[in-house]
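File shown: work_39.cif (mmCIF, C-alpha atoms and all ligand atoms).
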```cif
data_model
loop_
_atom_site.group_PDB
_atom_site.id
_atom_site.type_symbol
_atom_site.label_atom_id
_atom_site.label_comp_id
_atom_site.auth_asym_id
_atom_site.auth_seq_id
_atom_site.Cartn_x
_atom_site.Cartn_y
_atom_site.Cartn_z
ATOM 1 C CA MET A 1 0.000 0.000 0.000
ATOM 2 C CA ASP A 2 1.042 3.604 -0.706
ATOM 3 C CA ARG A 3 4.149 2.736 -2.732
ATOM 4 C CA LEU A 4 2.896 5.204 -5.384
ATOM 5 C CA LYS A 5 1.254 7.747 -3.091
ATOM 6 C CA GLY A 6 1.430 11.257 -4.539
ATOM 7 C CA GLN A 7 2.020 9.980 -8.083
ATOM 8 C CA THR A 8 -0.209 10.416 -11.126
ATOM 9 C CA ALA A 9 -0.065 7.703 -13.778
ATOM 10 C CA VAL A 10 -1.232 7.431 -17.370
ATOM 11 C CA ILE A 11 -1.631 3.841 -18.579
ATOM 12 C CA THR A 12 -2.421 3.216 -22.244
ATOM 13 C CA GLY A 13 -4.540 0.229 -23.258
ATOM 14 C CA ALA A 14 -5.763 0.021 -19.664
ATOM 15 C CA ALA A 15 -9.324 -1.130 -20.389
ATOM 16 C CA SER A 16 -8.329 -4.791 -20.403
ATOM 17 C CA GLY A 17 -5.581 -7.361 -19.950
ATOM 18 C CA ILE A 18 -2.157 -6.290 -18.716
ATOM 19 C CA GLY A 19 -2.957 -2.550 -18.870
ATOM 20 C CA LYS A 20 -6.005 -3.018 -16.676
ATOM 21 C CA GLY A 21 -3.967 -5.079 -14.203
ATOM 22 C CA ILE A 22 -1.399 -2.271 -14.042
ATOM 23 C CA ALA A 23 -4.071 0.428 -13.591
ATOM 24 C CA LEU A 24 -5.666 -1.489 -10.683
ATOM 25 C CA ALA A 25 -2.291 -2.136 -9.040
ATOM 26 C CA PHE A 26 -1.093 1.481 -9.407
ATOM 27 C CA ALA A 27 -4.364 2.704 -7.866
ATOM 28 C CA ARG A 28 -4.098 0.190 -4.996
ATOM 29 C CA GLU A 29 -0.638 1.631 -4.309
ATOM 30 C CA GLY A 30 -2.084 5.137 -3.994
ATOM 31 C CA ALA A 31 -1.522 6.629 -7.471
ATOM 32 C CA GLN A 32 -4.077 8.760 -9.273
ATOM 33 C CA VAL A 33 -4.734 6.837 -12.452
ATOM 34 C CA ALA A 34 -5.757 7.806 -15.991
ATOM 35 C CA VAL A 35 -7.115 4.895 -18.000
ATOM 36 C CA ALA A 36 -6.347 5.790 -21.641
ATOM 37 C CA ASP A 37 -7.977 3.390 -24.060
ATOM 38 C CA ILE A 38 -9.958 3.332 -27.290
ATOM 39 C CA ASP A 39 -12.637 1.086 -25.741
ATOM 40 C CA THR A 40 -15.040 3.411 -23.903
ATOM 41 C CA ALA A 41 -17.249 0.788 -22.238
ATOM 42 C CA ARG A 42 -14.425 -1.273 -20.774
ATOM 43 C CA GLY A 43 -12.268 1.791 -20.033
ATOM 44 C CA GLU A 44 -15.068 3.446 -18.050
ATOM 45 C CA ALA A 45 -15.612 0.139 -16.235
ATOM 46 C CA THR A 46 -11.941 -0.038 -15.210
ATOM 47 C CA ALA A 47 -11.979 3.534 -13.873
ATOM 48 C CA GLN A 48 -15.242 2.818 -12.070
ATOM 49 C CA GLU A 49 -13.800 -0.351 -10.477
ATOM 50 C CA ILE A 50 -10.881 1.715 -9.141
ATOM 51 C CA ARG A 51 -13.161 4.427 -7.727
ATOM 52 C CA GLN A 52 -15.440 1.828 -6.110
ATOM 53 C CA ALA A 53 -12.398 0.363 -4.366
ATOM 54 C CA GLY A 54 -11.608 3.830 -2.953
ATOM 55 C CA GLY A 55 -8.999 4.879 -5.527
ATOM 56 C CA GLN A 56 -8.823 7.885 -7.819
ATOM 57 C CA ALA A 57 -9.242 7.316 -11.550
ATOM 58 C CA ILE A 58 -10.517 8.879 -14.728
ATOM 59 C CA PHE A 59 -11.157 7.297 -18.090
ATOM 60 C CA THR A 60 -10.169 9.261 -21.145
ATOM 61 C CA ARG A 61 -11.041 7.822 -24.549
ATOM 62 C CA THR A 62 -7.774 7.784 -26.460
ATOM 63 C CA ASP A 63 -6.515 6.452 -29.740
ATOM 64 C CA VAL A 64 -2.796 6.284 -29.008
ATOM 65 C CA THR A 65 -1.954 6.109 -32.708
ATOM 66 C CA LYS A 66 -3.365 9.635 -33.222
ATOM 67 C CA PRO A 67 -1.301 12.615 -31.937
ATOM 68 C CA GLU A 68 -4.370 14.850 -31.526
ATOM 69 C CA SER A 69 -6.166 12.207 -29.451
ATOM 70 C CA VAL A 70 -3.118 11.799 -27.181
ATOM 71 C CA ALA A 71 -2.851 15.600 -26.800
ATOM 72 C CA LYS A 72 -6.521 15.734 -25.712
ATOM 73 C CA MET A 73 -5.972 12.879 -23.254
ATOM 74 C CA THR A 74 -2.945 14.648 -21.748
ATOM 75 C CA GLN A 75 -4.944 17.848 -21.276
ATOM 76 C CA ALA A 76 -7.793 15.878 -19.652
ATOM 77 C CA VAL A 77 -5.369 14.290 -17.168
ATOM 78 C CA MET A 78 -3.763 17.653 -16.377
ATOM 79 C CA ASP A 79 -7.228 19.188 -15.855
ATOM 80 C CA ALA A 80 -8.236 16.355 -13.522
ATOM 81 C CA PHE A 81 -5.039 15.841 -11.516
ATOM 82 C CA GLY A 82 -2.686 18.758 -12.312
ATOM 83 C CA ARG A 83 0.409 16.606 -12.885
ATOM 84 C CA ILE A 84 1.720 13.436 -14.528
ATOM 85 C CA THR A 85 4.657 11.530 -13.019
ATOM 86 C CA ILE A 86 4.259 7.978 -14.402
ATOM 87 C CA LEU A 87 3.660 6.894 -17.998
ATOM 88 C CA CYS A 88 3.033 3.274 -18.879
ATOM 89 C CA ASN A 89 3.070 2.682 -22.649
ATOM 90 C CA ASN A 90 1.271 -0.645 -22.832
ATOM 91 C CA THR A 91 -0.500 -0.877 -26.213
ATOM 92 C CA GLY A 92 0.693 -3.374 -28.816
ATOM 93 C CA ASP A 93 -0.838 -6.187 -30.803
ATOM 94 C CA ALA A 94 0.472 -9.461 -32.224
ATOM 95 C CA VAL A 95 -1.794 -9.460 -35.289
ATOM 96 C CA GLU A 96 0.422 -11.656 -37.426
ATOM 97 C CA ALA A 97 1.069 -14.160 -34.635
ATOM 98 C CA ARG A 98 -2.654 -14.756 -34.268
ATOM 99 C CA ARG A 99 -2.974 -15.504 -37.975
ATOM 100 C CA SER A 100 0.314 -17.413 -38.027
ATOM 101 C CA ILE A 101 1.497 -15.679 -41.196
ATOM 102 C CA ARG A 102 4.948 -15.092 -42.576
ATOM 103 C CA ILE A 103 6.279 -11.799 -43.969
ATOM 104 C CA VAL A 104 5.140 -12.510 -47.528
ATOM 105 C CA GLU A 105 1.501 -12.726 -46.375
ATOM 106 C CA LEU A 106 1.752 -9.678 -44.089
ATOM 107 C CA THR A 107 -0.292 -6.781 -45.492
ATOM 108 C CA ASP A 108 0.694 -3.114 -45.477
ATOM 109 C CA SER A 109 -2.107 -2.336 -43.053
ATOM 110 C CA GLU A 110 -1.026 -5.110 -40.649
ATOM 111 C CA TRP A 111 2.562 -3.826 -40.771
ATOM 112 C CA ASN A 112 1.437 -0.227 -40.155
ATOM 113 C CA GLU A 113 -1.026 -1.250 -37.432
ATOM 114 C CA THR A 114 1.721 -3.160 -35.600
ATOM 115 C CA PHE A 115 4.155 -0.238 -35.600
ATOM 116 C CA ASP A 116 1.551 2.503 -35.034
ATOM 117 C CA LEU A 117 0.088 0.789 -31.982
ATOM 118 C CA GLY A 118 3.399 -0.373 -30.516
ATOM 119 C CA LEU A 119 5.882 2.383 -31.355
ATOM 120 C CA LYS A 120 4.259 5.489 -32.811
ATOM 121 C CA SER A 121 2.077 5.432 -29.700
ATOM 122 C CA ILE A 122 5.191 5.804 -27.532
ATOM 123 C CA HIS A 123 6.333 8.811 -29.559
ATOM 124 C CA ASN A 124 2.844 10.346 -29.332
ATOM 125 C CA CYS A 125 2.585 9.848 -25.569
ATOM 126 C CA CYS A 126 6.160 10.791 -24.684
ATOM 127 C CA ARG A 127 6.146 14.089 -26.523
ATOM 128 C CA CYS A 128 2.927 15.170 -24.799
ATOM 129 C CA ILE A 129 3.653 13.831 -21.317
ATOM 130 C CA ILE A 130 7.420 14.179 -20.738
ATOM 131 C CA PRO A 131 7.234 18.013 -20.524
ATOM 132 C CA HIS A 132 4.685 17.626 -17.686
ATOM 133 C CA MET A 133 6.919 15.059 -15.950
ATOM 134 C CA ILE A 134 9.792 17.531 -16.135
ATOM 135 C CA ASP A 135 7.546 20.257 -14.645
ATOM 136 C CA SER A 136 6.729 17.838 -11.800
ATOM 137 C CA GLY A 137 10.414 17.281 -11.041
ATOM 138 C CA GLY A 138 10.772 13.912 -12.799
ATOM 139 C CA GLY A 139 9.049 10.595 -13.159
ATOM 140 C CA SER A 140 9.129 7.027 -14.366
ATOM 141 C CA ILE A 141 8.306 5.579 -17.784
ATOM 142 C CA VAL A 142 7.422 1.886 -17.951
ATOM 143 C CA ASN A 143 7.080 0.453 -21.450
ATOM 144 C CA ILE A 144 5.614 -2.947 -22.202
ATOM 145 C CA SER A 145 7.745 -4.892 -24.673
ATOM 146 C CA SER A 146 7.770 -8.706 -25.011
ATOM 147 C CA ILE A 147 10.294 -11.518 -24.835
ATOM 148 C CA ALA A 148 9.718 -11.584 -28.621
ATOM 149 C CA GLY A 149 11.784 -8.380 -28.651
ATOM 150 C CA THR A 150 14.892 -10.328 -27.634
ATOM 151 C CA ALA A 151 14.289 -14.045 -28.332
ATOM 152 C CA PRO A 152 13.840 -15.729 -31.706
ATOM 153 C CA ALA A 153 10.131 -15.475 -32.388
ATOM 154 C CA PHE A 154 7.888 -16.384 -35.277
ATOM 155 C CA SER A 155 6.279 -13.021 -35.989
ATOM 156 C CA ALA A 156 8.570 -10.641 -37.870
ATOM 157 C CA ALA A 157 6.769 -7.294 -37.500
ATOM 158 C CA PHE A 158 5.724 -7.919 -33.868
ATOM 159 C CA SER A 159 9.274 -8.958 -32.903
ATOM 160 C CA ALA A 160 10.815 -5.961 -34.678
ATOM 161 C CA MET A 161 8.315 -3.626 -33.029
ATOM 162 C CA LYS A 162 8.990 -5.091 -29.561
ATOM 163 C CA ALA A 163 12.773 -4.879 -30.115
ATOM 164 C CA GLY A 164 12.065 -1.239 -30.976
ATOM 165 C CA VAL A 165 10.291 -0.779 -27.640
ATOM 166 C CA ILE A 166 13.445 -1.971 -25.837
ATOM 167 C CA ALA A 167 15.597 0.375 -27.927
ATOM 168 C CA ILE A 168 13.344 3.407 -27.453
ATOM 169 C CA THR A 169 13.279 2.718 -23.700
ATOM 170 C CA ARG A 170 17.070 2.904 -23.517
ATOM 171 C CA ALA A 171 17.106 6.091 -25.601
ATOM 172 C CA LEU A 172 14.485 7.720 -23.348
ATOM 173 C CA ALA A 173 16.537 6.811 -20.274
ATOM 174 C CA VAL A 174 19.614 8.457 -21.788
ATOM 175 C CA GLN A 175 17.797 11.537 -23.112
ATOM 176 C CA TYR A 176 15.941 12.393 -19.891
ATOM 177 C CA ALA A 177 18.272 11.172 -17.128
ATOM 178 C CA ASP A 178 19.177 14.767 -16.270
ATOM 179 C CA ASP A 179 15.473 15.561 -15.847
ATOM 180 C CA ASN A 180 15.167 12.881 -13.165
ATOM 181 C CA ILE A 181 13.117 10.626 -15.454
ATOM 182 C CA ARG A 182 13.846 6.898 -15.465
ATOM 183 C CA ALA A 183 12.715 4.609 -18.301
ATOM 184 C CA ASN A 184 12.515 0.826 -18.140
ATOM 185 C CA CYS A 185 10.596 -1.876 -19.921
ATOM 186 C CA ILE A 186 8.958 -5.151 -19.071
ATOM 187 C CA CYS A 187 9.138 -8.155 -21.401
ATOM 188 C CA PRO A 188 6.161 -10.404 -20.665
ATOM 189 C CA GLY A 189 6.040 -14.042 -21.761
ATOM 190 C CA ALA A 190 2.678 -15.777 -22.211
ATOM 191 C CA ILE A 191 0.201 -13.838 -20.085
ATOM 192 C CA ARG A 192 -3.431 -14.851 -19.609
ATOM 193 C CA THR A 193 -5.246 -12.024 -21.425
ATOM 194 C CA PRO A 194 -7.587 -12.175 -24.427
ATOM 195 C CA GLY A 195 -4.718 -11.182 -26.755
ATOM 196 C CA GLY A 196 -2.058 -13.282 -25.031
ATOM 197 C CA ILE A 197 -3.882 -16.594 -25.054
ATOM 198 C CA SER A 198 -4.704 -16.499 -28.751
ATOM 199 C CA ALA A 199 -1.139 -15.531 -29.687
ATOM 200 C CA ALA A 200 0.278 -18.278 -27.456
ATOM 201 C CA LYS A 201 -2.008 -20.898 -28.999
ATOM 202 C CA GLN A 202 -0.611 -19.998 -32.422
ATOM 203 C CA GLY A 203 2.863 -20.659 -31.064
ATOM 204 C CA ILE A 204 4.544 -17.347 -31.740
ATOM 205 C CA TYR A 205 7.905 -18.574 -30.526
ATOM 206 C CA ALA A 206 9.459 -20.542 -33.367
ATOM 207 C CA GLY A 207 6.031 -21.900 -34.240
ATOM 208 C CA ILE A 208 5.797 -24.245 -31.277
ATOM 209 C CA ASN A 209 3.066 -24.517 -28.681
ATOM 210 C CA ASN A 210 3.920 -22.049 -25.912
ATOM 211 C CA ASP A 211 2.225 -24.296 -23.346
ATOM 212 C CA ARG A 212 5.363 -26.427 -23.429
ATOM 213 C CA ILE A 213 8.001 -23.780 -22.808
ATOM 214 C CA ARG A 214 7.927 -22.391 -19.324
ATOM 215 C CA LEU A 215 9.914 -23.178 -16.186
ATOM 216 C CA ILE A 216 6.971 -22.156 -13.992
ATOM 217 C CA GLU A 217 4.049 -24.345 -14.943
ATOM 218 C CA ARG A 218 1.292 -21.801 -15.527
ATOM 219 C CA PHE A 219 0.399 -18.889 -17.739
ATOM 220 C CA GLY A 220 1.370 -15.516 -16.314
ATOM 221 C CA THR A 221 -1.351 -13.161 -15.102
ATOM 222 C CA PRO A 222 -1.808 -9.409 -15.593
ATOM 223 C CA GLU A 223 -1.029 -9.139 -11.857
ATOM 224 C CA ASP A 224 2.394 -10.757 -12.392
ATOM 225 C CA VAL A 225 3.222 -7.992 -14.879
ATOM 226 C CA ALA A 226 1.582 -5.312 -12.716
ATOM 227 C CA ASN A 227 3.768 -6.245 -9.727
ATOM 228 C CA ALA A 228 6.866 -5.583 -11.837
ATOM 229 C CA ALA A 229 5.352 -2.329 -13.150
ATOM 230 C CA VAL A 230 4.673 -1.064 -9.607
ATOM 231 C CA PHE A 231 8.288 -1.787 -8.685
ATOM 232 C CA LEU A 232 9.649 0.012 -11.774
ATOM 233 C CA ALA A 233 7.302 2.979 -11.273
ATOM 234 C CA SER A 234 8.119 3.349 -7.572
ATOM 235 C CA GLU A 235 11.081 4.734 -5.640
ATOM 236 C CA GLU A 236 12.109 1.142 -4.820
ATOM 237 C CA SER A 237 13.721 1.033 -8.279
ATOM 238 C CA SER A 238 15.316 4.480 -8.034
ATOM 239 C CA TYR A 239 18.733 3.116 -9.117
ATOM 240 C CA ILE A 240 17.298 1.184 -12.080
ATOM 241 C CA THR A 241 16.959 2.759 -15.527
ATOM 242 C CA ALA A 242 17.398 1.753 -19.188
ATOM 243 C CA THR A 243 16.772 -1.896 -18.380
ATOM 244 C CA SER A 244 14.354 -4.665 -19.457
ATOM 245 C CA LEU A 245 12.780 -7.080 -17.021
ATOM 246 C CA ALA A 246 11.393 -10.407 -18.282
ATOM 247 C CA VAL A 247 8.172 -11.532 -16.575
ATOM 248 C CA ASP A 248 7.881 -14.840 -18.365
ATOM 249 C CA GLY A 249 8.004 -17.774 -15.933
ATOM 250 C CA GLY A 250 11.448 -18.616 -17.282
ATOM 251 C CA MET A 251 10.351 -18.839 -20.926
ATOM 252 C CA LEU A 252 13.271 -16.796 -22.244
ATOM 253 C CA ALA A 253 15.764 -19.301 -20.869
ATOM 254 C CA LEU A 254 14.056 -22.081 -22.812
ATOM 255 C CA VAL A 255 13.126 -20.404 -26.111
ATOM 256 C CA SER A 256 16.785 -19.690 -26.788
ATOM 257 C CA ASN A 257 17.339 -23.475 -26.804
ATOM 258 C CA ILE A 258 14.650 -24.324 -29.354
ATOM 259 C CA PRO A 259 16.066 -25.789 -32.562
ATOM 260 C CA PRO A 260 15.499 -23.135 -35.251
ATOM 261 C CA ARG A 261 13.466 -25.307 -37.608
ATOM 262 C CA THR A 262 10.687 -26.638 -35.371
ATOM 263 C CA LEU A 263 8.000 -24.872 -37.376
ATOM 264 C CA ASP A 264 5.312 -27.559 -37.057
ATOM 265 C CA SER A 265 2.387 -25.178 -36.613
ATOM 266 C CA VAL A 266 3.411 -22.878 -39.471
ATOM 267 C CA PRO A 267 1.364 -23.290 -42.647
ATOM 268 C CA LYS A 268 3.620 -24.763 -45.301
ATOM 269 C CA ARG A 269 3.754 -23.358 -48.839
ATOM 270 C CA ALA A 270 4.019 -25.637 -51.814
ATOM 271 C CA LYS A 271 7.642 -26.038 -52.955
ATOM 272 C CA ARG A 272 8.355 -24.311 -56.296
ATOM 273 C CA PRO A 273 9.891 -26.479 -59.021
ATOM 274 C CA PRO A 274 13.574 -25.673 -59.574
ATOM 275 C CA LYS A 275 14.281 -22.926 -62.160
ATOM 276 C CA GLY A 276 14.585 -24.102 -65.758
ATOM 277 C CA ASN A 277 11.849 -26.808 -65.513
HETATM 278 N N1 LIG A 301 -0.604 -11.135 -23.190
HETATM 279 C C1 LIG A 301 0.596 -11.587 -23.488
HETATM 280 O O1 LIG A 301 0.868 -12.800 -23.465
HETATM 281 C C2 LIG A 301 1.682 -10.631 -23.867
HETATM 282 C C3 LIG A 301 2.982 -11.117 -24.045
HETATM 283 C C4 LIG A 301 4.000 -10.232 -24.395
HETATM 284 C C5 LIG A 301 3.720 -8.881 -24.545
HETATM 285 N N2 LIG A 301 2.436 -8.441 -24.365
HETATM 286 C C6 LIG A 301 2.181 -7.012 -24.568
HETATM 287 O O2 LIG A 301 1.447 -6.484 -23.477
HETATM 288 C C7 LIG A 301 0.626 -5.400 -23.932
HETATM 289 C C8 LIG A 301 -0.827 -5.611 -23.503
HETATM 290 O O3 LIG A 301 -1.272 -6.835 -24.061
HETATM 291 P P1 LIG A 301 -2.635 -7.547 -23.609
HETATM 292 O O4 LIG A 301 -2.449 -8.985 -23.866
HETATM 293 O O5 LIG A 301 -3.033 -7.068 -22.260
HETATM 294 O O6 LIG A 301 -3.645 -6.959 -24.715
HETATM 295 P P2 LIG A 301 -5.255 -6.870 -24.696
HETATM 296 O O7 LIG A 301 -5.637 -7.138 -26.115
HETATM 297 O O8 LIG A 301 -5.853 -7.704 -23.623
HETATM 298 O O9 LIG A 301 -5.505 -5.324 -24.339
HETATM 299 C C9 LIG A 301 -5.094 -4.305 -25.208
HETATM 300 C C10 LIG A 301 -5.828 -3.004 -24.866
HETATM 301 O O10 LIG A 301 -5.376 -1.994 -25.779
HETATM 302 C C11 LIG A 301 -6.499 -1.231 -26.208
HETATM 303 N N3 LIG A 301 -6.226 -0.598 -27.503
HETATM 304 C C12 LIG A 301 -6.198 -1.165 -28.720
HETATM 305 N N4 LIG A 301 -5.956 -0.236 -29.666
HETATM 306 C C13 LIG A 301 -5.840 0.948 -29.021
HETATM 307 C C14 LIG A 301 -5.598 2.286 -29.452
HETATM 308 N N5 LIG A 301 -5.415 2.582 -30.758
HETATM 309 N N6 LIG A 301 -5.527 3.271 -28.521
HETATM 310 C C15 LIG A 301 -5.704 2.997 -27.201
HETATM 311 N N7 LIG A 301 -5.945 1.748 -26.740
HETATM 312 C C16 LIG A 301 -6.003 0.731 -27.643
HETATM 313 C C17 LIG A 301 -7.624 -2.259 -26.292
HETATM 314 O O11 LIG A 301 -8.900 -1.639 -26.297
HETATM 315 C C18 LIG A 301 -7.350 -3.099 -25.038
HETATM 316 O O12 LIG A 301 -8.004 -2.561 -23.917
HETATM 317 C C19 LIG A 301 0.819 -5.339 -25.454
HETATM 318 O O13 LIG A 301 1.800 -4.400 -25.791
HETATM 319 C C20 LIG A 301 1.309 -6.739 -25.786
HETATM 320 O O14 LIG A 301 2.044 -6.806 -26.988
HETATM 321 C C21 LIG A 301 1.410 -9.266 -24.050
#
```

What does the file become when written as structure tokens?
Amino acid sequence: MDRLKGQTAVITGAASGIGKGIALAFAREGAQVAVADIDTARGEATAQEIRQAGGQAIFTRTDVTKPESVAKMTQAVMDAFGRITILCNNTGDAVEARRSIRIVELTDSEWNETFDLGLKSIHNCCRCIIPHMIDSGGGSIVNISSIAGTAPAFSAAFSAMKAGVIAITRALAVQYADDNIRANCICPGAIRTPGGISAAKQGIYAGINNDRIRLIERFGTPEDVANAAVFLASEESSYITATSLAVDGGMLALVSNIPPRTLDSVPKRAKRPPKGN
């Protein structure tokens, strides 16, 4: 309790899954919370759940891929709470993993959607919110990447985007260290959320069933990720910046040992006849 007392947090994609878990945990630890999500019904419900439990929360409908929507959200949070000290960039989607497609089948819109939701969103939120963090004397940025950002994974665009989240986190830490802003990221493994389960079933890591590759024999929960986010947002991690923390039940240790050609669940394409035939 009270590990985030006096802090004001913006969490993107907080209407469900990991983002919702983080919003509830931040509020339980005393932070004022802004639930920024495109889904009004579920976003309002998350904010309501926090208020009913005695916390402080607002919902602000936000499309994180749109700069003007993020600017409006930032203004709404400033109007409600007067400061922002924590930013959790959580949105991201494994579209291609769910469809189990390779790069040749990946459409322009799927490519753009992946990078807009996972990376452009961070640019949009950081440029609006960091100036307010600086005005407040500093803060903490917690980005949600994935173990796909470091381990060999099936989905090309998703992996590249999540590697980008790790890179942008390090750059933010370097750029704003003198403003007393820390930036870290969390790399979840297979977490029990609507998005996570369907991606895991497709076997995003080297095309194998993710049920089989964990040292701790269960799916992770949004709370597992939220516990790490509270730590990284709080003063307990005041000497930690520019780092990535895997919350994956030990998956990363095992995926690096998977033989590279176990692609059983990947749809096979017919072999072309050799040239000249
Ligand atoms: N669940 C996992 O197993 C897992 C594993 C590794 C990484 N991650 C990452 O964790 C993060 C959260 O994943 P999740 O499984 O909780 O997802 P989820 O699908 O359960 O929730 C995503 C939330 O983002 C919101 N959203 C979608 N588009 C938006 C937009 N344009 N603007 C604002 N909000 C938008 C949705 O409405 C939803 O509330 C993602 O970045 C994901 O890549 C998840």

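Here CA of Leu254 in chain A is placed at a distance of 21.7 Å from atom O3 of ligand LIG 301 (chain A).
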
The PyMOL selection byres (((not hetatm)) within 6 of (chain A and resi 301)) - which residues does that actually catch in the file I just gave you? List them as a PDB file with C-alpha atoms, in the frame of the given file.
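Saved file out_7.pdb follows:
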```
ATOM      1  CA  THR A  12      -2.421   3.216 -22.244  1.00  0.00           C
ATOM      2  CA  GLY A  13      -4.540   0.229 -23.258  1.00  0.00           C
ATOM      3  CA  ALA A  14      -5.763   0.021 -19.664  1.00  0.00           C
ATOM      4  CA  ALA A  15      -9.324  -1.130 -20.389  1.00  0.00           C
ATOM      5  CA  SER A  16      -8.329  -4.791 -20.403  1.00  0.00           C
ATOM      6  CA  GLY A  17      -5.581  -7.361 -19.950  1.00  0.00           C
ATOM      7  CA  ILE A  18      -2.157  -6.290 -18.716  1.00  0.00           C
ATOM      8  CA  GLY A  19      -2.957  -2.550 -18.870  1.00  0.00           C
ATOM      9  CA  ASP A  37      -7.977   3.390 -24.060  1.00  0.00           C
ATOM     10  CA  ILE A  38      -9.958   3.332 -27.290  1.00  0.00           C
ATOM     11  CA  ASP A  39     -12.637   1.086 -25.741  1.00  0.00           C
ATOM     12  CA  THR A  62      -7.774   7.784 -26.460  1.00  0.00           C
ATOM     13  CA  ASP A  63      -6.515   6.452 -29.740  1.00  0.00           C
ATOM     14  CA  VAL A  64      -2.796   6.284 -29.008  1.00  0.00           C
ATOM     15  CA  THR A  65      -1.954   6.109 -32.708  1.00  0.00           C
ATOM     16  CA  ASN A  90       1.271  -0.645 -22.832  1.00  0.00           C
ATOM     17  CA  THR A  91      -0.500  -0.877 -26.213  1.00  0.00           C
ATOM     18  CA  GLY A  92       0.693  -3.374 -28.816  1.00  0.00           C
ATOM     19  CA  ASP A  93      -0.838  -6.187 -30.803  1.00  0.00           C
ATOM     20  CA  LEU A 117       0.088   0.789 -31.982  1.00  0.00           C
ATOM     21  CA  ILE A 144       5.614  -2.947 -22.202  1.00  0.00           C
ATOM     22  CA  SER A 145       7.745  -4.892 -24.673  1.00  0.00           C
ATOM     23  CA  SER A 146       7.770  -8.706 -25.011  1.00  0.00           C
ATOM     24  CA  PRO A 188       6.161 -10.404 -20.665  1.00  0.00           C
ATOM     25  CA  GLY A 189       6.040 -14.042 -21.761  1.00  0.00           C
ATOM     26  CA  ALA A 190       2.678 -15.777 -22.211  1.00  0.00           C
ATOM     27  CA  ILE A 191       0.201 -13.838 -20.085  1.00  0.00           C
ATOM     28  CA  ARG A 192      -3.431 -14.851 -19.609  1.00  0.00           C
ATOM     29  CA  THR A 193      -5.246 -12.024 -21.425  1.00  0.00           C
ATOM     30  CA  PRO A 194      -7.587 -12.175 -24.427  1.00  0.00           C
ATOM     31  CA  GLY A 195      -4.718 -11.182 -26.755  1.00  0.00           C
ATOM     32  CA  GLY A 196      -2.058 -13.282 -25.031  1.00  0.00           C
TER      33      GLY A 196
END
```

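Residues matching the PyMOL selection byres (((chain A and resi 74) around 9) and not hetatm) in this structure come to A:Val10, A:Ser69, A:Val70, A:Ala71, A:Lys72, A:Met73, A:Gln75, A:Ala76, A:Val77, A:Met78, A:Asp79, A:Ile84, A:Cys125, A:Cys128, A:Ile129.
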
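The nearest approach to Leu215 in chain A among the residues A:Ile168, A:Ile50, A:Leu252, A:Val35, with all atoms listed in the file taken into account, belongs to A:Leu252.
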
Would you give the centre and edge lengths, in Å to one decimal, of a box along x, y and z around the listed atoms of range 37-50 of chain A, with 5 Å added to each side, as AutoDock Vina command-line options?
```
--center_x -12.6 --center_y 1.1 --center_z -18.2 --size_x 19.3 --size_y 14.8 --size_z 28.1
```

* Non-local contacts of Leu232 in chain A (10 Å; only C-alpha atoms; under 2 positions in same chain excluded) as a count of residues only -> 24

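All residues of protein, DNA or RNA that reach within 8 Å of Ala163 in chain A, judged by all atoms listed in the file and not counting those fewer than 4 positions away in the chain, are A:Ser145, A:Ala148, A:Gly149, A:Thr150, A:Ser159, A:Ala167.
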
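Residues matched by the PyMOL selection byres (((chain A and resi 251) around 9) and not hetatm) in this file are A:Ile147, A:Gly189, A:Ala190, A:Asn210, A:Ile213, A:Arg214, A:Leu215, A:Ile216, A:Ala246, A:Val247, A:Asp248, A:Gly249, A:Gly250, A:Leu252, A:Ala253, A:Leu254, A:Val255, A:Ser256.
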
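Reported to one decimal place, the separation of CA of Ser136 in chain A from CA of Val33 in chain A is 15.9 Å.
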
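For the set A:Asp135, A:Cys187, A:Glu96, A:His123, the residue with the smallest atom-to-atom gap to Ala156 in chain A is A:Glu96, counting all atoms listed in the file.
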
* Asked: Which residues come within 8 Å of Met161 in chain A, counting all atoms listed in the file, excluding same-chain residues fewer than 2 positions away, as an MDAnalysis selection string?
  -> chainID A and resid 114:115 118:119 149 157:159 163:165

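The space separating CA of Thr107 in chain A from CA of Cys88 in chain A comes to 28.6 Å.
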
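Among the candidates A:Thr85, A:Ser100, A:Thr221, A:Gln56, the one nearest to Ile134 in chain A when counting all atoms listed in the file is A:Thr85.
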